[in-house]
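Novice: My questions all concern the structure below.
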Amino acid sequence: MTSQRTRGVYIVANRKVGENAIALLASLRHHDPGVPVYMIPFNDDYQTLYQTLNQLYQVQLYPDLGFLDSFTQKISEIFPRDFLALPNKMRKLAAWFGPLDEFLYIDTDILFFEPVSHTLAYLDRADFICCDYHFKGRKLRDVFASSVVERGIFPADVVNSVFNSGLWGSKKGTITLEQMYARLGECAQNRDYFDFSGGTTDQPIMNYLVLNSIENRLNIAQVEPNEPGSWGGMKHFVTRDQALYDGDTRLRYLHWAGTPMGPGGPYRALWEYYRYLDQPDARLPGEKPGATSQRSPLQQLKQTLGRFSQRLKQILGRFSQRLKR
C-alpha cells in the first residue's frame with residue numbers, strides 16, 4: 001500500500017516581513033485550517049516571528065537548518081556579489097528538498113481567499129504549477145532579455161511559460177540538488193540572459209531553472225477560462241465577505257508584488273482585517289480598523305521637499321526654454 005503524499009505550503013520569512021507573514025497565515029488558516037505550513041528562515045532573525053506563527057497557526061520550522069546554511073553558502077560561491085548580492089533571496093529553492101512531497105511556495109505579500117488545497121490539487125496534473133498573468137502583462141520583462149529568443153536560447157513562445165516567482169508549486173524530487181547547482185552555475189555564467197532592470201532578484205534565475213529542468217508545467221491562469229486577476233496594482237477589485245471579487249468572480253489570491261502595502265496602499269483595509277484577525281490587541285493605540293496612519297513629521301518633510309524639487313525643475317525648465325528662443 002502506497003503511503004499518502006504530504007501536501008502543504010512553504011513561506012520564507014523573518015522579523016522584517018513579520019506583519020505580512022501573520023496576515024498571510026491568517027488568510028490561509030481562515031480558509032484552510034489543516035494544511036501543513038513550513039517556514040524557511042530568511043536569516044537568523046526569525047525566532048520571535050516563528051514562535052508567533054507556531055502558536056497562532058501551527059507553522060512548523062524547516063527541519064534541516066544545517067542544509068539551509070550550506071545551501072545558501074553554495075549559492076554565494078556560485079554567484080558573484082555584483083550578480084546576486086543576497087544569496088538568502090534564493091532560499092525559497094530549498095522547498096524542493098524539504099519535508100513536503102508536494103508543495104506551494106507563497107511570498108508573504110499575498111493573501112488567499114479560498115482553500116489553498118484547491119490550488120495544490122493542480123499538482124495532480126503537472127510537476128510545476130503557477131497562477132499568474134505575467135505572460136500577458138510583463139511578458140519577458142523582469143525575467144529574460146529579449147535577446148534570448150533572437151539567439152535561440154529559448155523558443156519564441158517562451159513568453160507563454162514565464163511566471164512570477166511569488167507563488168508557485170512543485171514536487172519533491174523533480175529537481176535534484178546536483179541539477180540545481182548545475183543550472184545555477186549556467187545562470188552565473190550568462191547574466192546577459194536575464195532582465196534585472198525592474199529590481200527583481202530570484203525571479204529570472206527561477207524561471208531559467210524551472211524552464212530548463214521541468215517539462216510538465218501548468219499555469220492555472222492559462223487553463224481556467226474564468227480565472228481572475230491577482231495583482232494588487234489592479235484597482236477594480238471589489239471587497240465582499242472579507243475577500244476580493246473581479247465582477248462576480250472571487251479572487252483566488254491577491255499579490256501586492258511591488259505595489260505599496262502600507263497605510264493608504266491598495267486594499268489596505270482587507271490586509272488589516274487578516275493581520276489583526278487573530279491578534280486584535282496588536283493594533284496601535286487609537287488605531288481604528290481600516291484607518292490609515294498619519295505620516296510622521298520626517299515623512300511629511302520629505303514629501304514637501306520632493307514636491308518643491310519637482311516644482312523647481314519645472315520652473316527652471318521653462319526658464320531654459322525661454323533663453324533658447
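By order in the C-alpha cells, chains are A, B, ...; within a chain, residues start at 1; ligands start at 1, following the order shown.
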Near range 40-49 of chain A, counting only C-alpha atoms, which residues have an atom at most 7 Å away, once you skip same-chain residues fewer than 2 positions from it, shown as a PyMOL selection string?

Specialist: chain A and resi 10-15+18+38+51-53+61-62+88+91

Novice: For the contact check between range 166-260 of chain A and range 145-161 of chain A, emit one row per residue of range 166-260 of chain A within 6 Å, containing the shortest atom pair and the distance in Å rounded to one decimal, counting only C-alpha atoms, chain then rising number order, as a Markdown table.

Specialist:
| residue | atom | partner | partner_atom | distance |
| --- | --- | --- | --- | --- |
| A:Tyr193 | CA | A:Ala145 | CA | 5.5 |
| A:Phe194 | CA | A:Ala145 | CA | 5.0 |
| A:Asp195 | CA | A:Ala145 | CA | 5.1 |

Novice: When DSSP is applied to the backbone of this structure, which of range 27-179 of chain A are assigned helix (DSSP H, G or I)? Write them out as a ChimeraX atom specification.

Specialist: /A:27-31,47-57,65-78,87-97,116-124,147-150,156-160,177-179

Novice: Might you pull out every residue within 9 Å of Val116 in chain A, with only C-alpha atoms counted and same-chain residues fewer than 3 positions away left off, and present them as JSON, numbers by chain?

Specialist: {"A": [8, 9, 28, 31, 32, 35, 104, 112, 113, 119, 120, 121, 252]}

Novice: Okay, now the selection with N, CA and C atoms, as a tab-separated table (two decimals), in the first residue's frame?

Specialist:
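Listing of part-v4.tsv after writing:
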chain	number	residue	atom	x	y	z
A	8	GLY	N	1.52	20.64	1.20
A	8	GLY	CA	1.49	21.77	2.11
A	8	GLY	C	2.11	23.00	1.50
A	9	VAL	N	2.48	23.93	2.37
A	9	VAL	CA	2.91	25.27	1.97
A	9	VAL	C	4.26	25.60	2.60
A	28	LEU	N	-4.69	32.07	5.13
A	28	LEU	CA	-4.59	30.64	4.81
A	28	LEU	C	-5.40	29.80	5.78
A	31	HIS	N	-9.32	29.93	5.58
A	31	HIS	CA	-9.97	29.19	4.51
A	31	HIS	C	-9.54	27.72	4.44
A	32	ASP	N	-8.44	27.37	5.10
A	32	ASP	CA	-7.92	26.00	5.02
A	32	ASP	C	-7.19	25.69	6.33
A	35	VAL	N	-4.04	22.69	6.49
A	35	VAL	CA	-2.92	22.47	5.57
A	35	VAL	C	-1.58	22.68	6.30
A	104	LEU	N	3.28	24.21	-2.26
A	104	LEU	CA	3.08	25.52	-2.85
A	104	LEU	C	3.97	26.48	-2.09
A	112	PHE	N	-4.77	34.88	0.69
A	112	PHE	CA	-5.57	33.88	0.00
A	112	PHE	C	-7.04	34.05	0.37
A	113	PHE	N	-7.94	33.79	-0.61
A	113	PHE	CA	-9.37	33.95	-0.39
A	113	PHE	C	-10.15	32.65	-0.63
A	119	THR	N	-5.64	24.99	-4.91
A	119	THR	CA	-4.51	25.27	-5.80
A	119	THR	C	-3.54	24.10	-5.81
A	120	LEU	N	-3.28	23.53	-4.66
A	120	LEU	CA	-2.38	22.37	-4.59
A	120	LEU	C	-2.89	21.20	-5.43
A	121	ALA	N	-4.20	21.10	-5.61
A	121	ALA	CA	-4.79	19.99	-6.35
A	121	ALA	C	-4.32	19.96	-7.81
A	252	ARG	N	-8.73	34.10	-6.34
A	252	ARG	CA	-8.03	33.01	-5.66
A	252	ARG	C	-7.12	33.59	-4.58

Novice: Which one of A:His236, A:Arg7, A:Asn190, A:Leu244 sits closest to Tyr122 in chain A if you count only C-alpha atoms?

Specialist: A:Arg7

Novice: Give me the residues within 9 Å of Asp109 in chain A as a list in words, counting only C-alpha atoms and dropping any in the same chain fewer than 2 places off.

Specialist: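 Close residues of Asp109 in chain A: Val17, Asn20, Ala21, Ala23, Leu24, Ile106, Asp107, Leu111, Gly166, Leu254, His255, Trp256, Ala257, Gly258 and Met261 of chain A.
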
Novice: Please produce an output containing C-alpha atoms for each residue in the selection, written as a PDB file, in the first residue's frame.

Specialist:
ATOM      1  CA  VAL A  17       8.255  40.727   6.988  1.00  0.00           C
ATOM      2  CA  ASN A  20       2.786  40.394   6.315  1.00  0.00           C
ATOM      3  CA  ALA A  21       3.517  36.802   7.315  1.00  0.00           C
ATOM      4  CA  ALA A  23      -1.698  38.384   7.619  1.00  0.00           C
ATOM      5  CA  LEU A  24      -0.907  35.680   5.048  1.00  0.00           C
ATOM      6  CA  ILE A 106       3.898  31.641  -1.213  1.00  0.00           C
ATOM      7  CA  ASP A 107       5.509  35.080  -0.765  1.00  0.00           C
ATOM      8  CA  LEU A 111      -3.500  36.962   0.888  1.00  0.00           C
ATOM      9  CA  GLY A 166       5.956  34.820  -5.646  1.00  0.00           C
ATOM     10  CA  LEU A 254      -4.060  38.833  -4.102  1.00  0.00           C
ATOM     11  CA  HIS A 255      -0.363  39.531  -4.608  1.00  0.00           C
ATOM     12  CA  TRP A 256       0.830  43.074  -3.971  1.00  0.00           C
ATOM     13  CA  ALA A 257       4.037  42.288  -5.928  1.00  0.00           C
ATOM     14  CA  GLY A 258       5.800  45.630  -5.606  1.00  0.00           C
ATOM     15  CA  MET A 261       1.276  47.759   1.125  1.00  0.00           C
TER      16      MET A 261
END

Novice: Can you work out the spacing between CA of Val143 in chain A and CA of Gly199 in chain A in Å, to one decimal?

Specialist: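 Between these atoms lies a distance of 10.5 Å.
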
Novice: Can you list, as a PyMOL selection string, every residue of range 43-260 of chain A that DSSP puts in strand (DSSP E or B)?

Specialist: chain A and resi 60-61+102-106+110-112+128-130+144+167-171+194+217-219+231+238-240+243-246+249-250+253-255

Novice: Would you mind listing what lies within 12 Å of Pro80 in chain A as a VMD selection string, with only C-alpha atoms counted and same-chain residues fewer than 3 positions away left out?

Specialist: chain A and resid 74 to 77 83 to 87 184 to 185 187 to 191

Novice: Would you pick out the contacts of range 270-276 of chain A at 8 Å or less, using only C-alpha atoms, so that residues sharing its chain but fewer than 5 positions from it are not included, and give the list as a list in words?

Specialist: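 These residues fall inside the cut-off: Glu19, Asn20, Ile22, Ala23, Leu24, Ala26, Ser27, Leu111, Thr239, Gln242, Ala243, Asp281, Ala282, Arg283, Pro289 and Gly290 of chain A.
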
Novice: Rounded to one decimal in Å, what is the spacing between CA of Pro260 in chain A and CA of Val223 in chain A?

Specialist: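 CA of Val223 in chain A lies at a distance of 29.8 Å from CA of Pro260 in chain A.
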
Novice: If I take CA of Gln179 in chain A and CA of Arg5 in chain A, how far is one from the other in Å, to one decimal?

Specialist: 23.2 Å

Novice: Residues at most 12 Å from Ile175 in chain A, counting only C-alpha atoms, excluding those fewer than 6 positions away in the same chain, as a ChimeraX atom specification?

Specialist: /A:93-97,127-128,181-183,209-215

Novice: Could you turn the residues from that selection into a file that holds N, CA, C and O atoms, as an mmCIF file, in the first residue's frame?

Specialist:
data_model
loop_
_atom_site.group_PDB
_atom_site.id
_atom_site.type_symbol
_atom_site.label_atom_id
_atom_site.label_comp_id
_atom_site.auth_asym_id
_atom_site.auth_seq_id
_atom_site.Cartn_x
_atom_site.Cartn_y
_atom_site.Cartn_z
ATOM 1 N N LEU A 93 14.260 28.161 -2.931
ATOM 2 C CA LEU A 93 14.559 26.958 -3.712
ATOM 3 C C LEU A 93 14.738 25.733 -2.825
ATOM 4 O O LEU A 93 14.646 24.598 -3.299
ATOM 5 N N ALA A 94 14.980 25.947 -1.530
ATOM 6 C CA ALA A 94 15.124 24.824 -0.599
ATOM 7 C C ALA A 94 13.813 24.064 -0.439
ATOM 8 O O ALA A 94 13.800 22.962 0.135
ATOM 9 N N ALA A 95 12.718 24.618 -0.937
ATOM 10 C CA ALA A 95 11.432 23.920 -0.869
ATOM 11 C C ALA A 95 11.501 22.555 -1.550
ATOM 12 O O ALA A 95 10.826 21.612 -1.136
ATOM 13 N N TRP A 96 12.312 22.428 -2.588
ATOM 14 C CA TRP A 96 12.421 21.152 -3.307
ATOM 15 C C TRP A 96 13.073 20.058 -2.457
ATOM 16 O O TRP A 96 12.989 18.888 -2.798
ATOM 17 N N PHE A 97 13.710 20.455 -1.368
ATOM 18 C CA PHE A 97 14.455 19.484 -0.568
ATOM 19 C C PHE A 97 13.949 19.400 0.865
ATOM 20 O O PHE A 97 14.617 18.869 1.734
ATOM 21 N N ASP A 127 3.971 18.757 -12.809
ATOM 22 C CA ASP A 127 5.068 18.714 -11.837
ATOM 23 C C ASP A 127 5.458 20.108 -11.363
ATOM 24 O O ASP A 127 6.238 20.245 -10.420
ATOM 25 N N PHE A 128 4.945 21.120 -12.055
ATOM 26 C CA PHE A 128 5.182 22.509 -11.638
ATOM 27 C C PHE A 128 3.944 23.307 -11.988
ATOM 28 O O PHE A 128 3.403 23.196 -13.094
ATOM 29 N N TYR A 181 22.357 22.975 -8.750
ATOM 30 C CA TYR A 181 23.645 23.671 -8.717
ATOM 31 C C TYR A 181 24.193 23.876 -10.129
ATOM 32 O O TYR A 181 24.767 24.926 -10.438
ATOM 33 N N ALA A 182 24.009 22.871 -10.994
ATOM 34 C CA ALA A 182 24.495 22.988 -12.374
ATOM 35 C C ALA A 182 23.754 24.100 -13.110
ATOM 36 O O ALA A 182 24.367 24.917 -13.813
ATOM 37 N N ARG A 183 22.422 24.155 -12.956
ATOM 38 C CA ARG A 183 21.630 25.200 -13.615
ATOM 39 C C ARG A 183 21.984 26.587 -13.075
ATOM 40 O O ARG A 183 22.083 27.551 -13.844
ATOM 41 N N LEU A 209 15.800 28.153 -14.234
ATOM 42 C CA LEU A 209 15.913 26.849 -13.585
ATOM 43 C C LEU A 209 14.733 25.950 -13.936
ATOM 44 O O LEU A 209 14.909 24.801 -14.364
ATOM 45 N N VAL A 210 13.521 26.465 -13.772
ATOM 46 C CA VAL A 210 12.324 25.654 -13.985
ATOM 47 C C VAL A 210 12.131 25.320 -15.459
ATOM 48 O O VAL A 210 11.854 24.171 -15.816
ATOM 49 N N LEU A 211 12.273 26.314 -16.326
ATOM 50 C CA LEU A 211 12.009 26.086 -17.740
ATOM 51 C C LEU A 211 12.993 25.109 -18.362
ATOM 52 O O LEU A 211 12.670 24.424 -19.336
ATOM 53 N N ASN A 212 14.190 25.013 -17.793
ATOM 54 C CA ASN A 212 15.187 24.083 -18.321
ATOM 55 C C ASN A 212 15.198 22.729 -17.617
ATOM 56 O O ASN A 212 15.908 21.824 -18.053
ATOM 57 N N SER A 213 14.434 22.610 -16.532
ATOM 58 C CA SER A 213 14.531 21.395 -15.729
ATOM 59 C C SER A 213 13.227 20.611 -15.595
ATOM 60 O O SER A 213 13.260 19.416 -15.314
ATOM 61 N N ILE A 214 12.080 21.282 -15.756
ATOM 62 C CA ILE A 214 10.787 20.613 -15.535
ATOM 63 C C ILE A 214 9.925 20.802 -16.796
ATOM 64 O O ILE A 214 9.540 21.924 -17.121
ATOM 65 N N GLU A 215 9.607 19.717 -17.466
ATOM 66 C CA GLU A 215 8.835 19.801 -18.708
ATOM 67 C C GLU A 215 7.334 19.902 -18.461
ATOM 68 O O GLU A 215 6.625 20.619 -19.164
#
